[in-house]
file my_file-v8.tsv (TSV, C-alpha atoms)
chain	number	residue	atom	x	y	z
A	1	MET	CA	-35.42	35.04	-16.56
A	2	SER	CA	-38.72	33.87	-15.05
A	3	ASP	CA	-38.85	32.10	-11.70
A	4	GLN	CA	-39.84	28.89	-13.49
A	5	SER	CA	-36.87	29.14	-15.88
A	6	SER	CA	-34.57	29.91	-12.98
A	7	GLU	CA	-35.69	26.84	-11.04
A	8	LYS	CA	-35.29	24.70	-14.15
A	9	ALA	CA	-31.74	25.98	-14.67
A	10	LYS	CA	-30.87	25.13	-11.07
A	11	ALA	CA	-32.11	21.59	-11.59
A	12	VAL	CA	-29.80	21.01	-14.55
A	13	ARG	CA	-26.50	19.52	-13.42
A	14	LEU	CA	-23.35	21.08	-14.80
A	15	LEU	CA	-21.28	17.89	-14.54
A	16	VAL	CA	-20.03	16.78	-17.95
A	17	LYS	CA	-21.20	13.27	-18.76
A	18	ILE	CA	-18.27	10.88	-18.39
A	19	THR	CA	-17.65	8.29	-21.11
A	20	ARG	CA	-14.91	5.74	-21.73
A	21	GLU	CA	-13.56	8.03	-24.44
A	22	ASN	CA	-12.95	11.04	-22.20
A	23	LEU	CA	-11.64	9.14	-19.16
A	24	PRO	CA	-7.83	9.30	-18.71
A	25	GLN	CA	-6.03	5.94	-18.91
A	26	VAL	CA	-4.76	4.40	-15.68
A	27	LYS	CA	-1.15	5.05	-16.69
A	28	ASP	CA	-1.93	8.77	-17.06
A	29	LYS	CA	-3.65	9.14	-13.68
A	30	TYR	CA	-2.21	10.27	-10.36
A	31	PRO	CA	-1.93	7.06	-8.24
A	32	PHE	CA	-3.75	8.22	-5.09
A	33	LEU	CA	-4.76	11.15	-2.91
A	34	TYR	CA	-4.81	10.90	0.91
A	35	LEU	CA	-7.45	12.92	2.80
A	36	GLU	CA	-8.27	13.18	6.50
A	37	ARG	CA	-10.52	15.23	8.80
A	38	GLY	CA	-13.04	16.62	6.37
A	39	ARG	CA	-15.96	15.88	4.06
A	40	LEU	CA	-16.04	14.76	0.45
A	41	GLU	CA	-19.14	15.82	-1.50
A	42	ILE	CA	-20.14	17.40	-4.79
A	43	ASP	CA	-21.69	20.59	-6.04
A	44	ASP	CA	-22.89	21.49	-9.53
A	45	SER	CA	-19.42	21.62	-11.00
A	46	SER	CA	-17.08	19.18	-9.28
A	47	VAL	CA	-16.24	16.78	-6.50
A	48	LYS	CA	-15.05	18.92	-3.63
A	49	TRP	CA	-13.19	18.42	-0.38
A	50	ILE	CA	-14.17	20.51	2.63
A	51	ASP	CA	-11.51	20.32	5.32
A	52	SER	CA	-11.95	20.79	9.07
A	53	GLY	CA	-11.18	24.48	8.73
A	54	GLY	CA	-13.92	25.03	6.17
A	55	ASP	CA	-11.58	25.43	3.22
A	56	ILE	CA	-12.88	23.99	-0.07
A	57	ILE	CA	-10.67	22.24	-2.61
A	58	ARG	CA	-12.13	21.02	-5.90
A	59	LEU	CA	-10.67	17.69	-6.96
A	60	PRO	CA	-10.00	16.57	-10.56
A	61	ILE	CA	-11.40	13.18	-9.63
A	62	ALA	CA	-11.22	11.68	-13.14
A	63	THR	CA	-7.42	12.06	-13.03
A	64	ILE	CA	-7.00	10.18	-9.71
A	65	ASN	CA	-6.84	6.39	-9.46
A	66	THR	CA	-7.74	6.09	-5.77
A	67	VAL	CA	-8.78	8.36	-2.91
A	68	LEU	CA	-7.53	7.23	0.52
A	69	LEU	CA	-9.93	8.36	3.26
A	70	GLY	CA	-8.21	8.70	6.63
A	71	PRO	CA	-9.56	9.43	10.13
A	72	GLY	CA	-12.32	11.99	10.54
A	73	THR	CA	-13.59	11.81	6.96
A	74	SER	CA	-17.07	11.41	5.56
A	75	ILE	CA	-18.32	11.03	2.02
A	76	THR	CA	-21.75	11.55	0.49
A	77	HIS	CA	-23.64	8.99	-1.54
A	78	GLU	CA	-23.60	11.32	-4.55
A	79	ALA	CA	-19.83	11.73	-4.33
A	80	VAL	CA	-19.41	7.95	-4.38
A	81	LYS	CA	-21.59	7.75	-7.51
A	82	VAL	CA	-19.57	10.40	-9.33
A	83	MET	CA	-16.26	8.82	-8.32
A	84	ALA	CA	-17.45	5.41	-9.52
A	85	ALA	CA	-18.47	6.92	-12.86
A	86	SER	CA	-14.98	8.46	-13.07
A	87	ASN	CA	-13.36	5.08	-12.35
A	88	CYS	CA	-11.84	6.34	-9.09
A	89	SER	CA	-11.59	3.79	-6.26
A	90	VAL	CA	-11.93	4.59	-2.55
A	91	CYS	CA	-9.94	3.09	0.33
A	92	TRP	CA	-10.69	3.57	4.02
A	93	VAL	CA	-7.40	3.72	5.90
A	94	GLY	CA	-5.88	4.74	9.22
A	95	GLU	CA	-3.81	7.86	9.84
A	96	ASP	CA	-1.20	8.33	7.11
A	97	SER	CA	-2.49	5.04	5.65
A	98	LEU	CA	-0.73	3.07	8.41
A	99	LEU	CA	-3.80	0.81	8.72
A	100	PHE	CA	-5.97	-0.53	5.92
A	101	TYR	CA	-9.65	-1.22	6.54
A	102	ALA	CA	-11.61	-1.61	3.30
A	103	VAL	CA	-11.79	-0.72	-0.36
A	104	GLY	CA	-14.60	0.34	-2.65
A	105	GLN	CA	-13.70	-0.42	-6.23
A	106	SER	CA	-15.62	0.67	-9.30
A	107	PRO	CA	-17.12	-2.16	-11.39
A	108	THR	CA	-15.71	-0.37	-14.44
A	109	ALA	CA	-12.15	-0.30	-13.10
A	110	ASP	CA	-9.42	-1.13	-15.61
A	111	SER	CA	-8.36	-4.75	-15.09
A	112	ARG	CA	-5.28	-4.69	-17.32
A	113	ASN	CA	-2.76	-4.91	-14.49
A	114	MET	CA	-4.73	-7.58	-12.66
A	115	ARG	CA	-4.99	-9.68	-15.82
A	116	ARG	CA	-1.22	-9.47	-16.26
A	117	GLN	CA	-0.73	-10.48	-12.62
A	118	ILE	CA	-3.10	-13.45	-12.93
A	119	LYS	CA	-1.49	-14.60	-16.17
A	120	LEU	CA	1.93	-14.67	-14.53
A	121	ALA	CA	0.69	-16.32	-11.32
A	122	THR	CA	-1.07	-19.15	-13.18
A	123	ASP	CA	1.95	-20.01	-15.33
A	124	PRO	CA	4.17	-22.24	-13.15
A	125	LYS	CA	7.39	-21.28	-14.92
A	126	LYS	CA	6.72	-17.52	-14.99
A	127	SER	CA	5.44	-17.53	-11.42
A	128	VAL	CA	8.72	-19.01	-10.16
A	129	GLU	CA	10.63	-16.44	-12.23
A	130	VAL	CA	8.74	-13.64	-10.48
A	131	ALA	CA	9.49	-15.20	-7.09
A	132	ARG	CA	13.15	-15.57	-8.06
A	133	ARG	CA	13.37	-11.85	-8.91
A	134	MET	CA	11.94	-11.04	-5.48
A	135	PHE	CA	14.39	-13.32	-3.68
A	136	ALA	CA	17.30	-12.02	-5.78
A	137	ARG	CA	16.61	-8.46	-4.66
A	138	ARG	CA	16.61	-9.43	-1.01
A	139	PHE	CA	19.60	-11.77	-1.21
A	140	PRO	CA	21.65	-10.63	-4.21
A	141	SER	CA	24.63	-12.89	-3.49
A	142	ALA	CA	22.55	-16.08	-3.30
A	143	GLU	CA	22.74	-18.61	-6.13
A	144	LEU	CA	19.11	-18.98	-7.20
A	145	ALA	CA	19.41	-20.32	-10.74
A	146	GLY	CA	17.42	-23.52	-11.13
A	147	LYS	CA	16.11	-23.43	-7.55
A	148	SER	CA	12.47	-24.37	-6.92
A	149	LEU	CA	10.13	-22.14	-4.93
A	150	LYS	CA	10.35	-24.53	-1.98
A	151	GLU	CA	14.15	-24.43	-2.02
A	152	MET	CA	14.21	-20.63	-2.22
A	153	MET	CA	11.76	-20.34	0.66
A	154	GLY	CA	14.01	-22.58	2.75
A	155	MET	CA	16.98	-20.36	1.93
A	156	GLU	CA	14.91	-17.32	2.80
A	157	GLY	CA	14.02	-18.65	6.24
A	158	TYR	CA	17.66	-19.24	7.07
A	159	ARG	CA	18.80	-15.84	5.79
A	160	VAL	CA	16.04	-13.95	7.62
A	161	ARG	CA	17.05	-15.61	10.89
A	162	GLN	CA	20.62	-14.56	10.15
A	163	LEU	CA	19.47	-11.01	9.49
A	164	TYR	CA	17.70	-10.83	12.86
A	165	GLU	CA	20.84	-12.07	14.62
A	166	GLU	CA	23.06	-9.59	12.73
A	167	LYS	CA	20.83	-6.66	13.71
A	168	ALA	CA	20.75	-7.86	17.32
A	169	ARG	CA	24.55	-7.85	17.42
A	170	GLU	CA	24.78	-4.50	15.62
A	171	TYR	CA	22.49	-2.77	18.12
A	172	ASN	CA	23.51	-4.86	21.17
A	173	VAL	CA	19.98	-6.18	21.69
A	174	GLY	CA	19.05	-9.47	23.33
A	175	TRP	CA	17.15	-11.60	20.84
A	176	LYS	CA	15.25	-14.83	21.43
A	177	GLY	CA	13.54	-15.01	18.04
A	178	ARG	CA	10.50	-13.66	16.27
A	179	SER	CA	7.27	-14.17	18.20
A	180	TYR	CA	3.77	-12.81	17.86
A	181	GLN	CA	0.48	-14.00	19.33
A	182	PRO	CA	-2.61	-12.59	17.61
A	183	GLY	CA	-4.59	-10.46	20.04
A	184	LYS	CA	-1.78	-10.49	22.61
A	185	PHE	CA	0.50	-7.73	21.36
A	186	GLU	CA	1.65	-6.74	24.84
A	187	VAL	CA	3.09	-10.16	25.77
A	188	SER	CA	5.88	-9.88	23.20
A	189	ASP	CA	9.20	-8.20	23.99
A	190	ILE	CA	9.74	-4.62	22.81
A	191	THR	CA	11.63	-5.59	19.63
A	192	ASN	CA	8.85	-7.93	18.55
A	193	GLN	CA	6.22	-5.31	19.35
A	194	ILE	CA	7.92	-2.80	17.07
A	195	LEU	CA	8.31	-5.43	14.34
A	196	THR	CA	4.62	-6.32	14.56
A	197	SER	CA	3.37	-2.73	14.45
A	198	THR	CA	5.67	-1.59	11.64
A	199	ASN	CA	4.93	-4.71	9.59
A	200	THR	CA	1.21	-3.94	9.94
A	201	ALA	CA	1.78	-0.35	8.84
A	202	LEU	CA	3.81	-1.48	5.84
A	203	TYR	CA	1.09	-3.95	4.82
A	204	ALA	CA	-1.48	-1.15	4.97
A	205	ILE	CA	0.54	1.19	2.79
A	206	LEU	CA	1.20	-1.53	0.23
A	207	SER	CA	-2.46	-2.62	0.21
A	208	SER	CA	-3.50	0.94	-0.62
A	209	ALA	CA	-0.85	1.21	-3.35
A	210	ILE	CA	-1.70	-2.18	-4.89
A	211	TYR	CA	-5.39	-1.35	-5.10
A	212	SER	CA	-4.71	2.14	-6.42
A	213	ILE	CA	-2.83	0.88	-9.48
A	214	GLY	CA	-5.13	-1.97	-10.33
A	215	TYR	CA	-3.40	-5.11	-9.01
A	216	SER	CA	-4.85	-7.66	-6.61
A	217	PRO	CA	-3.43	-8.17	-3.10
A	218	HIS	CA	-4.89	-11.70	-3.17
A	219	ILE	CA	-2.70	-13.10	-5.98
A	220	GLY	CA	0.79	-13.85	-4.70
A	221	PHE	CA	3.91	-15.56	-6.00
A	222	ILE	CA	5.69	-16.63	-2.80
A	223	HIS	CA	3.11	-16.50	-0.02
A	224	SER	CA	-0.14	-18.43	-0.18
A	225	GLY	CA	-2.97	-19.52	2.10
A	226	SER	CA	-3.20	-16.03	3.62
A	227	PRO	CA	-5.55	-13.08	3.04
A	228	LEU	CA	-3.03	-10.80	1.29
A	229	PRO	CA	-0.24	-12.89	-0.27
A	230	PHE	CA	0.90	-10.28	-2.82
A	231	VAL	CA	1.11	-7.67	-0.05
A	232	TYR	CA	3.32	-10.01	1.97
A	233	ASP	CA	5.44	-10.77	-1.12
A	234	LEU	CA	6.14	-7.09	-1.71
A	235	ALA	CA	6.55	-6.20	1.96
A	236	ASP	CA	9.56	-8.51	2.18
A	237	LEU	CA	11.36	-6.26	-0.33
A	238	TYR	CA	11.25	-3.35	2.11
A	239	LYS	CA	11.15	-4.85	5.60
A	240	GLU	CA	14.89	-4.95	6.28
A	241	TRP	CA	15.23	-1.15	6.50
A	242	LEU	CA	11.69	-0.02	7.25
A	243	CYS	CA	10.85	-2.59	9.93
A	244	ILE	CA	13.70	-4.84	11.05
A	245	ASP	CA	16.49	-2.27	11.31
A	246	LEU	CA	14.07	0.22	12.88
A	247	ALA	CA	12.91	-2.27	15.51
A	248	PHE	CA	16.40	-3.15	16.68
A	249	SER	CA	17.62	0.46	16.54
A	250	LEU	CA	14.80	1.63	18.83
A	251	THR	CA	14.81	-1.24	21.32
A	252	LEU	CA	17.39	0.05	23.79
A	253	GLU	CA	16.20	3.65	23.51
A	254	LEU	CA	12.61	2.72	24.42
A	255	ALA	CA	13.88	0.81	27.47
A	256	GLY	CA	11.21	-1.86	27.46
A	257	LYS	CA	8.22	0.48	27.11
A	258	TYR	CA	6.47	0.57	23.74
A	259	ASN	CA	5.92	4.14	22.51
A	260	LYS	CA	3.38	4.18	19.67
A	261	ALA	CA	3.98	7.84	18.77
A	262	ARG	CA	7.75	7.40	18.54
A	263	VAL	CA	7.54	4.18	16.52
A	264	SER	CA	4.98	5.67	14.11
A	265	SER	CA	7.01	8.85	13.70
A	266	ASP	CA	10.28	7.05	12.95
A	267	PHE	CA	8.59	4.58	10.62
A	268	ARG	CA	6.92	7.45	8.74
A	269	LYS	CA	10.27	9.22	8.35
A	270	ARG	CA	11.82	6.13	6.80
A	271	VAL	CA	8.90	5.68	4.41
A	272	ILE	CA	9.37	9.28	3.26
A	273	GLU	CA	13.17	8.96	3.02
A	274	THR	CA	12.90	5.89	0.80
A	275	ASP	CA	10.17	7.41	-1.39
A	276	LEU	CA	8.23	4.18	-0.96
A	277	LEU	CA	4.91	5.48	-2.28
A	278	LYS	CA	6.56	7.02	-5.31
A	279	ASN	CA	8.54	3.91	-6.25
A	280	VAL	CA	6.30	0.98	-5.35
A	281	GLY	CA	4.42	1.07	-8.67
A	282	GLN	CA	7.61	0.74	-10.70
A	283	ASP	CA	8.93	-1.87	-8.27
A	284	ILE	CA	5.83	-4.00	-8.86
A	285	LEU	CA	6.25	-3.73	-12.61
A	286	ASN	CA	9.91	-4.68	-12.35
A	287	VAL	CA	9.35	-7.81	-10.24
A	288	LEU	CA	6.50	-8.94	-12.46
A	289	GLU	CA	8.07	-8.26	-15.83
A	290	GLY	CA	11.78	-8.08	-15.04
A	291	GLY	CA	14.04	-5.09	-15.58
A	292	LYS	CA	16.10	-2.97	-13.27
A	293	ASP	CA	16.65	-3.88	-9.65
A	294	VAL	CA	13.70	-3.22	-7.34
A	295	GLY	CA	13.64	-1.88	-3.83
A	296	SER	CA	17.03	-0.26	-4.36
A	297	ASN	CA	15.68	2.92	-2.80
A	298	CYS	CA	15.51	1.09	0.53
A	299	LYS	CA	18.79	1.07	2.42
call {"tool": "encode", "arguments": {"input": "my_file-v8.tsv", "output": "structure tokens"}}
result
Amino acid sequence: MSDQSSEKAKAVRLLVKITRENLPQVKDKYPFLYLERGRLEIDDSSVKWIDSGGDIIRLPIATINTVLLGPGTSITHEAVKVMAASNCSVCWVGEDSLLFYAVGQSPTADSRNMRRQIKLATDPKKSVEVARRMFARRFPSAELAGKSLKEMMGMEGYRVRQLYEEKAREYNVGWKGRSYQPGKFEVSDITNQILTSTNTALYAILSSAIYSIGYSPHIGFIHSGSPLPFVYDLADLYKEWLCIDLAFSLTLELAGKYNKARVSSDFRKRVIETDLLKNVGQDILNVLEGGKDVGSNCK
């Protein structure tokens, strides 16, 4: 082969042109892939991940809904272009996705799930039915038939206060009520500090999951007037075990001194034990469309 032919061959990209016909459907894709401490770029055959040790892993990017980029990651412009063409979204998150910063979503992303969510949220009767399914999971013994959203929210407030008091008695913790001042984390007592940090971590995980499967965090059924109402709706399904019980169980052990590493470690263990990331997609479908009980994997 001549030098000219060789140079021409090098200039020809080996990436197969991606079309709507050869893209996997959202339901057939892996929900997300978490990466940290490395670089995402492409070569002539694939999108590749180069980790901090220099190891190279080629990623089947067209079969992944969302890539979650954690601390210490970088991504090339060309990699973003290829991922967008493959209908793969990108989220920038904290370690283990415990914080959520931003999302880059392809303009060709499948909007089927979001359309379903919007249709339900804009129908007053169906929207209340979705909210009722969420409340029923959290308070299964409550009589919710015929109750309005306002009435159910009032019942929720009372029952959540009861839950805090029950956990305080169970773990022998002094409790003066839920308090949080934005920007003044340290002024809260230790129980409230743990509640605030674990709630934030839960919101981040759910934000990543919601984006990865094509729903909108901005379209809620119970919460409103906040940046992420659907995230807050879903978080309430899991908070009792992941956040509230954890906060009260750790309070005495931490002896008034907040330990970020310990709180993060114990929270992470509970997320893994409950298989939250595996089950949240089906839980969303169940609360939106009805079906089997949701959140049952959380103790």
call {"tool": "closest_residue", "arguments": {"input": "my_file-v8.tsv", "among": "A:Ile194, A:Val80, A:Ile64, A:Ala85", "to": "Lys257 (chain A)", "atoms": "all atoms listed in the file"}}
result
A:Ile194
call {"tool": "atom_distance", "arguments": {"input": "my_file-v8.tsv", "atom1": "CA of Gly220 (chain A)", "atom2": "CA of Thr274 (chain A)"}}
result
23.8 Å
call {"tool": "atom_distance", "arguments": {"input": "my_file-v8.tsv", "atom1": "CA of Val287 (chain A)", "atom2": "CA of Asp266 (chain A)"}}
result
27.6 Å
call {"tool": "atom_distance", "arguments": {"input": "my_file-v8.tsv", "atom1": "CA of Val280 (chain A)", "atom2": "CA of Tyr238 (chain A)"}}
result
9.9 Å
call {"tool": "closest_residue", "arguments": {"input": "my_file-v8.tsv", "among": "A:Ser249, A:Ser46, A:Gln105, A:Asn113", "to": "Val173 (chain A)", "atoms": "all atoms listed in the file"}}
result
A:Ser249
call {"tool": "residues_around", "arguments": {"input": "my_file-v8.tsv", "residues": "Arg132 (chain A)", "least_positions_apart": "3", "cutoff": "12 Å", "atoms": "only C-alpha atoms", "output": "count of residues only"}}
result
32
call {"tool": "closest_residue", "arguments": {"input": "my_file-v8.tsv", "among": "A:Ser188, A:Thr63, A:Leu163, A:Ala261", "to": "Glu95 (chain A)", "atoms": "all atoms listed in the file"}}
result
A:Ala261
call {"tool": "closest_residue", "arguments": {"input": "my_file-v8.tsv", "among": "A:Val67, A:Ile75, A:Ile56, A:Leu206", "to": "Glu41 (chain A)", "atoms": "only C-alpha atoms"}}
result
A:Ile75
call {"tool": "residues_around", "arguments": {"input": "my_file-v8.tsv", "residues": "Leu40 (chain A)", "least_positions_apart": "6", "cutoff": "8 Å", "atoms": "all atoms listed in the file", "output": "ChimeraX atom specification"}}
result
/A:47-50,73-76,79
call {"tool": "closest_residue", "arguments": {"input": "my_file-v8.tsv", "among": "A:Val263, A:Ala209, A:Val82, A:Ala109", "to": "Gln193 (chain A)", "atoms": "only C-alpha atoms"}}
result
A:Val263
